[in-house]
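The structure file final-v8.tsv is reproduced below (TSV, C-alpha atoms and all ligand atoms).
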```tsv
chain	number	residue	atom	x	y	z
W	952	MET	CA	-7.17	11.82	10.13
W	953	LYS	CA	-8.33	15.38	10.18
W	954	LYS	CA	-6.19	16.16	13.17
W	955	ILE	CA	-3.04	14.87	11.54
W	956	THR	CA	-3.79	16.80	8.35
W	957	THR	CA	-4.15	20.03	10.30
W	958	LEU	CA	-0.98	19.31	12.19
W	959	LEU	CA	0.80	18.58	8.95
W	960	VAL	CA	-0.33	21.79	7.30
W	961	GLY	CA	0.93	23.67	10.33
W	962	ILE	CA	4.28	21.99	10.20
W	963	ILE	CA	4.60	22.44	6.46
W	964	ILE	CA	3.97	26.18	6.81
W	965	LEU	CA	6.49	26.28	9.61
W	966	SER	CA	8.99	24.23	7.67
W	967	CYS	CA	8.55	26.35	4.54
W	968	GLY	CA	9.49	29.35	6.64
W	969	THR	CA	12.67	27.78	7.86
W	970	ASN	CA	13.22	25.94	4.60
W	971	GLN	CA	13.74	22.69	6.48
W	972	LYS	CA	11.65	19.58	6.66
W	973	VAL	CA	10.63	18.32	10.05
W	974	PRO	CA	11.70	14.70	10.42
W	975	GLY	CA	8.98	12.11	10.79
W	976	VAL	CA	6.05	14.07	9.37
W	977	ASP	CA	6.72	13.83	5.68
W	978	ILE	CA	3.94	11.39	4.92
W	979	GLN	CA	4.63	10.87	1.25
W	980	THR	CA	8.25	9.94	1.87
W	981	LYS	CA	7.14	7.05	4.03
W	982	TYR	CA	5.22	5.57	1.09
W	983	ALA	CA	7.69	6.59	-1.61
W	984	THR	CA	10.44	4.68	0.15
W	985	SER	CA	8.29	1.54	0.12
W	986	ILE	CA	9.18	1.46	-3.59
W	987	THR	CA	12.48	-0.36	-3.19
W	988	ASN	CA	15.10	-1.72	-5.56
W	989	THR	CA	14.46	-5.23	-4.21
W	990	ASN	CA	10.71	-5.14	-4.83
W	991	LEU	CA	11.14	-3.71	-8.31
W	992	LYS	CA	13.77	-6.32	-9.09
W	993	THR	CA	11.53	-9.21	-8.06
W	994	ILE	CA	8.72	-7.97	-10.32
W	995	LEU	CA	10.98	-7.11	-13.22
W	996	TYR	CA	12.72	-10.50	-13.19
W	997	GLN	CA	9.30	-12.11	-13.53
W	998	LEU	CA	8.11	-9.87	-16.36
W	999	ALA	CA	11.37	-10.28	-18.26
W	1000	SER	CA	11.65	-14.04	-17.70
W	1001	ASP	CA	11.54	-16.49	-20.62
W	1002	GLU	CA	8.23	-17.78	-19.29
W	1003	PHE	CA	6.65	-14.49	-20.47
W	1004	GLN	CA	7.94	-15.10	-24.01
W	1005	GLY	CA	8.63	-11.47	-24.81
W	1006	ARG	CA	5.00	-10.42	-24.07
W	1007	LYS	CA	3.95	-9.98	-27.70
W	1008	THR	CA	0.56	-8.34	-28.17
W	1009	GLY	CA	-2.23	-10.88	-28.71
W	1010	GLU	CA	-0.02	-13.89	-27.96
W	1011	ASP	CA	0.42	-16.23	-24.99
W	1012	GLY	CA	3.27	-14.30	-23.37
W	1013	GLN	CA	1.26	-11.08	-23.26
W	1014	LYS	CA	-1.67	-12.96	-21.70
W	1015	ILE	CA	0.65	-14.38	-19.04
W	1016	ALA	CA	1.93	-10.87	-18.36
W	1017	ALA	CA	-1.62	-9.43	-18.21
W	1018	LYS	CA	-2.58	-12.06	-15.66
W	1019	TYR	CA	0.57	-11.38	-13.63
W	1020	VAL	CA	-0.20	-7.65	-13.51
W	1021	ALA	CA	-3.87	-8.24	-12.59
W	1022	ASP	CA	-2.86	-10.77	-9.91
W	1023	PHE	CA	-0.48	-8.22	-8.42
W	1024	TYR	CA	-3.31	-5.71	-8.05
W	1025	LYS	CA	-5.60	-8.35	-6.62
W	1026	THR	CA	-3.02	-9.54	-4.10
W	1027	HIS	CA	-2.56	-5.99	-2.85
W	1028	SER	CA	-6.31	-5.22	-2.76
W	1029	ILE	CA	-6.08	-2.56	-5.47
W	1030	GLU	CA	-9.40	-2.91	-7.25
W	1031	PRO	CA	-10.58	-2.40	-10.81
W	1032	PRO	CA	-12.50	0.86	-11.39
W	1033	ALA	CA	-15.85	0.95	-9.58
W	1034	GLY	CA	-18.50	-0.67	-11.73
W	1035	TYR	CA	-15.89	-2.13	-14.04
W	1036	PRO	CA	-16.23	-5.91	-14.28
W	1037	THR	CA	-12.58	-7.02	-14.29
W	1038	TYR	CA	-9.01	-5.75	-14.43
W	1039	PHE	CA	-9.04	-6.15	-18.22
W	1040	GLN	CA	-10.07	-3.62	-20.81
W	1041	VAL	CA	-10.42	-5.93	-23.78
W	1042	ILE	CA	-9.39	-4.59	-27.18
W	1043	PRO	CA	-10.80	-6.51	-30.13
W	1044	LYS	CA	-8.37	-7.97	-32.66
W	1045	ASP	CA	-9.66	-5.71	-35.46
W	1046	PHE	CA	-8.56	-2.58	-33.61
W	1047	PHE	CA	-4.92	-3.58	-34.19
W	1048	ARG	CA	-5.23	-3.30	-37.98
W	1049	GLY	CA	-3.69	-6.70	-38.59
W	1050	GLU	CA	-0.89	-6.27	-36.03
W	1051	SER	CA	-2.23	-8.69	-33.43
W	1052	LYS	CA	-3.13	-12.36	-33.78
W	1053	GLY	CA	-6.08	-11.97	-31.48
W	1054	ASP	CA	-7.80	-9.77	-28.92
W	1055	SER	CA	-5.53	-8.12	-26.41
W	1056	GLU	CA	-6.05	-6.21	-23.20
W	1057	ASN	CA	-5.05	-3.20	-21.16
W	1058	VAL	CA	-4.92	-3.94	-17.43
W	1059	VAL	CA	-6.59	-1.35	-15.20
W	1060	ALA	CA	-6.65	-0.72	-11.46
W	1061	PHE	CA	-8.10	2.19	-9.56
W	1062	ILE	CA	-7.85	4.09	-6.32
W	1063	GLU	CA	-10.78	6.40	-5.73
W	1064	GLY	CA	-10.07	9.93	-4.55
W	1065	SER	CA	-11.38	11.00	-1.16
W	1066	GLU	CA	-12.34	14.59	-2.07
W	1067	LYS	CA	-12.46	14.91	-5.83
W	1068	PRO	CA	-13.15	11.38	-7.01
W	1069	GLU	CA	-14.36	12.53	-10.44
W	1070	GLU	CA	-10.94	14.03	-11.26
W	1071	VAL	CA	-8.59	11.29	-12.41
W	1072	LEU	CA	-4.83	11.09	-12.76
W	1073	VAL	CA	-3.74	8.32	-15.12
W	1074	ILE	CA	-0.39	6.58	-14.62
W	1075	THR	CA	0.65	4.44	-17.56
W	1076	ALA	CA	3.31	2.03	-18.74
W	1077	HIS	CA	3.05	-0.44	-21.59
W	1078	TYR	CA	3.71	-4.03	-20.63
W	1079	ASP	CA	3.84	-5.59	-24.09
W	1080	HIS	CA	7.07	-6.16	-26.01
W	1081	LEU	CA	8.40	-7.76	-29.17
W	1082	GLY	CA	7.91	-11.48	-28.50
W	1083	LYS	CA	10.24	-14.01	-30.12
W	1084	LYS	CA	12.17	-14.26	-33.34
W	1085	GLY	CA	13.09	-17.88	-33.98
W	1086	GLU	CA	14.67	-19.14	-30.79
W	1087	LYS	CA	15.47	-15.65	-29.53
W	1088	ILE	CA	13.22	-14.24	-26.83
W	1089	PHE	CA	13.02	-10.48	-26.54
W	1090	ASN	CA	12.59	-10.17	-22.77
W	1091	GLY	CA	12.14	-6.38	-22.79
W	1092	ALA	CA	13.50	-5.77	-19.30
W	1093	ASP	CA	14.02	-2.05	-19.75
W	1094	ASP	CA	11.36	-1.81	-22.48
W	1095	ASN	CA	9.14	-1.88	-20.55
W	1096	GLY	CA	9.54	-4.19	-17.60
W	1097	SER	CA	11.07	-1.17	-15.88
W	1098	GLY	CA	7.99	1.02	-16.32
W	1099	THR	CA	5.58	-1.79	-15.55
W	1100	SER	CA	7.30	-2.71	-12.29
W	1101	ALA	CA	7.35	0.99	-11.38
W	1102	VAL	CA	3.60	1.42	-11.97
W	1103	LEU	CA	2.82	-1.66	-9.87
W	1104	MET	CA	4.94	-0.46	-6.95
W	1105	ILE	CA	3.55	3.08	-7.21
W	1106	ALA	CA	0.02	1.64	-7.07
W	1107	LYS	CA	0.93	-0.44	-4.05
W	1108	ALA	CA	2.42	2.60	-2.29
W	1109	PHE	CA	-0.76	4.65	-2.89
W	1110	GLN	CA	-2.96	1.78	-1.71
W	1111	THR	CA	-0.91	1.38	1.48
W	1112	ALA	CA	-1.22	5.13	2.09
W	1113	LYS	CA	-4.97	4.87	1.58
W	1114	ASN	CA	-5.21	1.95	4.00
W	1115	ASP	CA	-3.44	4.14	6.57
W	1116	GLY	CA	-5.91	7.00	6.04
W	1117	PHE	CA	-3.79	9.01	3.60
W	1118	GLY	CA	-5.55	8.18	0.34
W	1119	PRO	CA	-5.25	10.65	-2.55
W	1120	LYS	CA	-7.81	13.46	-2.86
W	1121	ARG	CA	-8.17	12.85	-6.59
W	1122	SER	CA	-8.60	9.40	-8.12
W	1123	ILE	CA	-5.74	7.53	-9.73
W	1124	LEU	CA	-6.09	5.06	-12.59
W	1125	PHE	CA	-3.20	2.66	-13.08
W	1126	LEU	CA	-3.25	1.73	-16.74
W	1127	ASN	CA	-0.96	-1.02	-18.02
W	1128	LEU	CA	-1.08	-0.76	-21.77
W	1129	THR	CA	-0.83	-3.35	-24.51
W	1130	GLY	CA	0.04	-2.89	-28.20
W	1131	GLU	CA	2.57	-0.09	-27.71
W	1132	GLU	CA	5.31	-1.66	-29.76
W	1133	GLU	CA	2.94	-2.17	-32.71
W	1134	GLY	CA	1.89	1.49	-32.69
W	1135	LEU	CA	0.54	2.82	-29.36
W	1136	TYR	CA	-2.67	0.82	-29.77
W	1137	GLY	CA	-3.46	0.33	-26.09
W	1138	SER	CA	-3.42	4.07	-25.36
W	1139	GLU	CA	-5.24	4.82	-28.61
W	1140	PHE	CA	-7.96	2.41	-27.52
W	1141	TYR	CA	-8.13	3.80	-24.00
W	1142	THR	CA	-8.38	7.42	-25.15
W	1143	SER	CA	-11.08	6.51	-27.68
W	1144	HIS	CA	-12.91	4.30	-25.13
W	1145	PRO	CA	-12.04	6.00	-21.84
W	1146	ILE	CA	-13.26	4.47	-18.60
W	1147	PHE	CA	-13.39	7.98	-17.11
W	1148	PRO	CA	-14.20	11.08	-19.19
W	1149	LEU	CA	-11.09	12.62	-20.73
W	1150	LYS	CA	-12.38	16.06	-19.70
W	1151	GLN	CA	-11.97	14.98	-16.07
W	1152	THR	CA	-8.59	13.38	-16.65
W	1153	VAL	CA	-6.18	15.80	-15.01
W	1154	ALA	CA	-2.85	14.42	-16.25
W	1155	ASN	CA	-1.04	11.40	-17.60
W	1156	LEU	CA	2.33	10.30	-16.25
W	1157	ASN	CA	3.80	7.75	-18.64
W	1158	ILE	CA	6.80	5.58	-17.85
W	1159	ASP	CA	8.60	3.84	-20.69
W	1160	MET	CA	12.20	2.63	-20.17
W	1161	ILE	CA	13.63	4.01	-16.93
W	1162	GLY	CA	16.04	1.27	-15.87
W	1163	ARG	CA	19.27	2.01	-17.72
W	1164	ILE	CA	22.01	4.62	-18.11
W	1165	ASP	CA	22.63	5.97	-21.60
W	1166	ASP	CA	25.97	6.98	-23.11
W	1167	ALA	CA	25.42	10.66	-22.41
W	1168	HIS	CA	25.22	9.98	-18.65
W	1169	LYS	CA	27.85	7.30	-18.05
W	1170	ASP	CA	29.65	9.47	-15.48
W	1171	LYS	CA	26.61	11.22	-13.98
W	1172	SER	CA	23.91	8.63	-13.73
W	1173	ASN	CA	21.59	10.41	-11.28
W	1174	TYR	CA	19.29	11.64	-14.07
W	1175	ILE	CA	16.06	11.16	-15.96
W	1176	TYR	CA	14.78	12.58	-19.23
W	1177	LEU	CA	11.49	14.44	-18.99
W	1178	ILE	CA	9.49	14.97	-22.13
W	1179	GLY	CA	6.28	16.94	-22.66
W	1180	ASP	CA	5.90	18.38	-19.19
W	1181	ASP	CA	5.61	22.02	-20.33
W	1182	LYS	CA	3.72	21.48	-23.57
W	1183	LEU	CA	0.20	21.99	-22.23
W	1184	SER	CA	0.62	23.23	-18.67
W	1185	ASN	CA	3.41	25.36	-17.26
W	1186	GLU	CA	2.07	24.49	-13.86
W	1187	LEU	CA	2.88	20.82	-14.41
W	1188	HIS	CA	6.46	21.69	-15.33
W	1189	THR	CA	6.85	23.84	-12.21
W	1190	LEU	CA	5.23	21.22	-9.99
W	1191	SER	CA	7.55	18.54	-11.34
W	1192	GLU	CA	10.65	20.71	-10.88
W	1193	GLU	CA	9.71	21.63	-7.32
W	1194	THR	CA	8.89	18.05	-6.41
W	1195	ASN	CA	12.28	16.98	-7.66
W	1196	LYS	CA	14.05	19.75	-5.76
W	1197	THR	CA	12.31	18.78	-2.53
W	1198	TYR	CA	12.50	15.01	-2.73
W	1199	SER	CA	14.33	13.25	-5.52
W	1200	LYS	CA	17.18	15.54	-6.51
W	1201	LEU	CA	17.69	13.94	-9.89
W	1202	GLU	CA	19.22	15.78	-12.81
W	1203	LEU	CA	16.20	16.51	-14.99
W	1204	ASP	CA	17.36	16.33	-18.58
W	1205	TYR	CA	15.13	18.09	-21.13
W	1206	THR	CA	17.25	17.31	-24.21
W	1207	TYR	CA	14.47	15.29	-25.82
W	1208	ASN	CA	11.78	17.80	-24.97
W	1209	ASP	CA	13.16	20.03	-27.71
W	1210	GLU	CA	10.74	20.11	-30.64
W	1211	LYS	CA	13.72	20.10	-32.96
W	1212	ASP	CA	15.23	16.90	-31.53
W	1213	PRO	CA	15.31	14.39	-34.40
W	1214	ASN	CA	14.35	11.43	-32.17
W	1215	ARG	CA	10.85	12.85	-31.71
W	1216	PHE	CA	10.31	10.80	-28.54
W	1217	TYR	CA	7.33	12.98	-27.61
W	1218	TYR	CA	5.38	11.25	-30.37
W	1219	ARG	CA	6.71	7.75	-29.71
W	1220	SER	CA	5.12	6.47	-26.53
W	1221	ASP	CA	1.65	6.22	-25.07
W	1222	HIS	CA	1.44	9.62	-23.39
W	1223	TYR	CA	1.08	11.15	-26.85
W	1224	ASN	CA	-2.48	9.81	-27.19
W	1225	PHE	CA	-3.34	11.69	-23.99
W	1226	ALA	CA	-1.54	14.87	-25.07
W	1227	LYS	CA	-3.46	14.79	-28.35
W	1228	ASN	CA	-6.59	15.03	-26.23
W	1229	LYS	CA	-5.28	18.10	-24.39
W	1230	ILE	CA	-4.36	16.21	-21.25
W	1231	PRO	CA	-1.06	17.38	-19.72
W	1232	VAL	CA	1.57	14.64	-19.74
W	1233	ILE	CA	5.03	13.81	-18.52
W	1234	PHE	CA	6.98	11.08	-20.23
W	1235	TYR	CA	9.71	9.55	-18.02
W	1236	PHE	CA	12.58	7.95	-19.88
W	1237	SER	CA	16.24	7.07	-19.29
W	1238	GLY	CA	17.27	6.95	-22.96
W	1239	VAL	CA	18.23	4.36	-25.53
W	1240	HIS	CA	21.16	1.96	-25.20
W	1241	GLU	CA	22.93	-0.80	-27.08
W	1242	ASP	CA	20.29	-3.39	-26.09
W	1243	TYR	CA	17.30	-1.31	-27.22
W	1244	HIS	CA	14.87	-3.57	-29.12
W	1245	LYS	CA	17.31	-6.46	-28.97
W	1246	ALA	CA	17.09	-9.87	-27.30
W	1247	THR	CA	19.86	-8.63	-24.98
W	1248	ASP	CA	17.52	-6.20	-23.11
W	1249	THR	CA	17.61	-8.43	-20.04
W	1250	ALA	CA	16.89	-8.02	-16.35
W	1251	ASP	CA	20.53	-8.37	-15.23
W	1252	LYS	CA	21.39	-5.11	-17.04
W	1253	ILE	CA	18.97	-2.92	-15.12
W	1254	ASP	CA	20.29	-0.49	-12.50
W	1255	TYR	CA	17.79	-1.21	-9.71
W	1256	ASP	CA	18.88	1.62	-7.43
W	1257	LEU	CA	18.26	4.13	-10.19
W	1258	LEU	CA	15.03	2.45	-11.20
W	1259	ALA	CA	13.81	2.84	-7.61
W	1260	LYS	CA	14.85	6.49	-7.47
W	1261	ARG	CA	13.09	7.30	-10.72
W	1262	ALA	CA	9.94	5.38	-9.75
W	1263	GLN	CA	9.90	7.24	-6.44
W	1264	PHE	CA	10.12	10.54	-8.31
W	1265	VAL	CA	7.04	9.60	-10.36
W	1266	PHE	CA	5.28	8.67	-7.12
W	1267	TYR	CA	6.11	12.03	-5.49
W	1268	THR	CA	4.91	13.88	-8.59
W	1269	ALA	CA	1.70	11.85	-8.73
W	1270	TRP	CA	1.13	12.52	-5.02
W	1271	GLU	CA	1.39	16.26	-5.62
W	1272	ILE	CA	-0.95	16.23	-8.64
W	1273	ALA	CA	-3.50	14.07	-6.83
W	1274	ASN	CA	-3.45	16.03	-3.56
W	1275	ARG	CA	-2.91	19.67	-4.46
W	1276	GLU	CA	-5.72	22.15	-3.97
W	1277	GLY	CA	-6.51	23.02	-7.58
W	1278	LYS	CA	-6.65	20.98	-10.76
W	1279	LEU	CA	-3.67	21.59	-13.07
W	1280	VAL	CA	-4.22	24.62	-15.25
W	1281	LEU	CA	-4.00	24.23	-19.01
W	1282	ASP	CA	-2.34	27.37	-20.28
W	1283	LYS	CA	-1.12	26.53	-23.78
W	1301	ZN	ZN	9.90	-0.53	-27.36
```
What would you get if you wrote out this structure as structure tokens?
Amino acid sequence: MKKITTLLVGIIILSCGTNQKVPGVDIQTKYATSITNTNLKTILYQLASDEFQGRKTGEDGQKIAAKYVADFYKTHSIEPPAGYPTYFQVIPKDFFRGESKGDSENVVAFIEGSEKPEEVLVITAHYDHLGKKGEKIFNGADDNGSGTSAVLMIAKAFQTAKNDGFGPKRSILFLNLTGEEEGLYGSEFYTSHPIFPLKQTVANLNIDMIGRIDDAHKDKSNYIYLIGDDKLSNELHTLSEETNKTYSKLELDYTYNDEKDPNRFYYRSDHYNFAKNKIPVIFYFSGVHEDYHKATDTADKIDYDLLAKRAQFVFYTAWEIANREGKLVLDK
């Protein structure tokens, strides 16, 4: 392992000089490209199937989804955090202030860092949705089957890299959140009952709805909205931009990062509970569409090629945060 690392550093320095990448040595690309449209589609069709009953917090569908997510981790030998009894962080019913019929759970999996295990990157997506209204099932394919399938495939890619001797230097917690639709409860619970100290939590990358194309991008769909990336750490913004330039080449749209934007998306998904605690965040989002929060948000409407590209971009960014020399600097 050491030998390859040294070789890689040498080649990277060389390649920086010539501004060209040497084929065959770009380790992270090998794992990023294991996140495919086909794999994501298989997972997303499950999550957004009628069997999962719209995954409403505290109800049967959400429990089925929680088990599906935990089983995925188990199948791929991605373990719960060391010393943690199961994949489930149970949240008592009372925490939901009357918005859940029973207890609910975040699902957690963990890959320990090889050099700085105490520093933790948290990758999140909520897996709950709106449930049923009468006969109508709200399958929540984009919201947030897209983010959930992405987190699972990102976790699998990191685990495969680790199995090959290329595990991340810092630890990564994969946190599948419940209770988002009712009011960001899963992330509120996690940040008030963290499994790892928030002081050692280096960043949160949150994925919520990345599978569609909104009206503003109908003719130029190679995009993603980024929100929050420069609010606490300029370094995170720069890292994200450079990662995109090198690997993903998406159009990074910052429209919703504007404090004056009336949608206020920065405050509307789970990353906000991390940002409140001075943890740098990036919220990945592809925008709202005509099926947003409707029973018509179904798996057949997802653009799987784009979903894969966006999930890969999150993977590349996570790889950089987890492996770079220094911890991200908070400068705001
Ligand atoms: Zn939603």
Check: Which residues form the shell of 9 Å around ligand ZN 1301 (chain W) when you count only C-alpha atoms and all ligand atoms, given as an MDAnalysis selection string?
Finding: chainID W and resid 1077 1079:1081 1091 1093:1095 1131:1133 1159:1160 1220 1243:1244
Next item on the list: For each of W:Glu1202, W:Glu1069, W:Asp1221, W:Asp1251, take the minimum atom-to-atom distance to Tyr1141 of chain W, counting all atoms listed in the file, then give the residue where this is smallest.
Entry: W:Asp1221
Notebook entry, point to check: By how many Å are atom CA of Glu1276 of chain W and atom CA of Asn1155 of chain W apart?
Noted result: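 Rounded to one decimal, the two atoms are 18.0 Å apart.
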Next item on the list: Could you give me, as number ranges by chain, the residues within 7 Å of segment 1119-1123 of chain W, counting only C-alpha atoms and dropping anything in the same chain fewer than 2 positions from it?
Entry: W: 1061-1073, 1117, 1125, 1273-1274
Take the residues from that selection and put them in a file with C-alpha atoms, as a PDB file, in the frame of the given file.
```pdb
ATOM      1  CA  PHE W1061      -8.100   2.190  -9.560  1.00  0.00           C
ATOM      2  CA  ILE W1062      -7.850   4.090  -6.320  1.00  0.00           C
ATOM      3  CA  GLU W1063     -10.780   6.400  -5.730  1.00  0.00           C
ATOM      4  CA  GLY W1064     -10.070   9.930  -4.550  1.00  0.00           C
ATOM      5  CA  SER W1065     -11.380  11.000  -1.160  1.00  0.00           C
ATOM      6  CA  GLU W1066     -12.340  14.590  -2.070  1.00  0.00           C
ATOM      7  CA  LYS W1067     -12.460  14.910  -5.830  1.00  0.00           C
ATOM      8  CA  PRO W1068     -13.150  11.380  -7.010  1.00  0.00           C
ATOM      9  CA  GLU W1069     -14.360  12.530 -10.440  1.00  0.00           C
ATOM     10  CA  GLU W1070     -10.940  14.030 -11.260  1.00  0.00           C
ATOM     11  CA  VAL W1071      -8.590  11.290 -12.410  1.00  0.00           C
ATOM     12  CA  LEU W1072      -4.830  11.090 -12.760  1.00  0.00           C
ATOM     13  CA  VAL W1073      -3.740   8.320 -15.120  1.00  0.00           C
ATOM     14  CA  PHE W1117      -3.790   9.010   3.600  1.00  0.00           C
ATOM     15  CA  PHE W1125      -3.200   2.660 -13.080  1.00  0.00           C
ATOM     16  CA  ALA W1273      -3.500  14.070  -6.830  1.00  0.00           C
ATOM     17  CA  ASN W1274      -3.450  16.030  -3.560  1.00  0.00           C
TER      18      ASN W1274
END
```
Note to self: At a cut-off of 12 Å, using only C-alpha atoms, what residues contact segment 1006-1011 of chain W? Leave out same-chain residues fewer than 4 positions from it and give the result as JSON, numbers by chain.
What the structure shows: {"W": [997, 998, 999, 1000, 1001, 1002, 1015, 1016, 1017, 1018, 1019, 1041, 1042, 1043, 1044, 1045, 1046, 1047, 1049, 1050, 1051, 1052, 1053, 1054, 1055, 1056, 1057, 1077, 1078, 1079, 1080, 1081, 1082, 1083, 1084, 1088, 1089, 1090, 1091, 1092, 1094, 1095, 1096, 1128, 1129, 1130, 1131, 1132, 1133, 1134, 1135, 1136, 1137]}
Next item on the list: Pick out the closest residue to Asp1166 of chain W from this set: W:Asp1115, W:Glu1241, W:Asp1204, W:Asp1181. Count all atoms listed in the file.
Entry: W:Glu1241
Check: Of the candidates W:Ile1164, W:Leu995, W:Ala1226, W:Ile1029, which one gets nearest to Lys1283 of chain W if we count all atoms listed in the file?
Finding: W:Ala1226
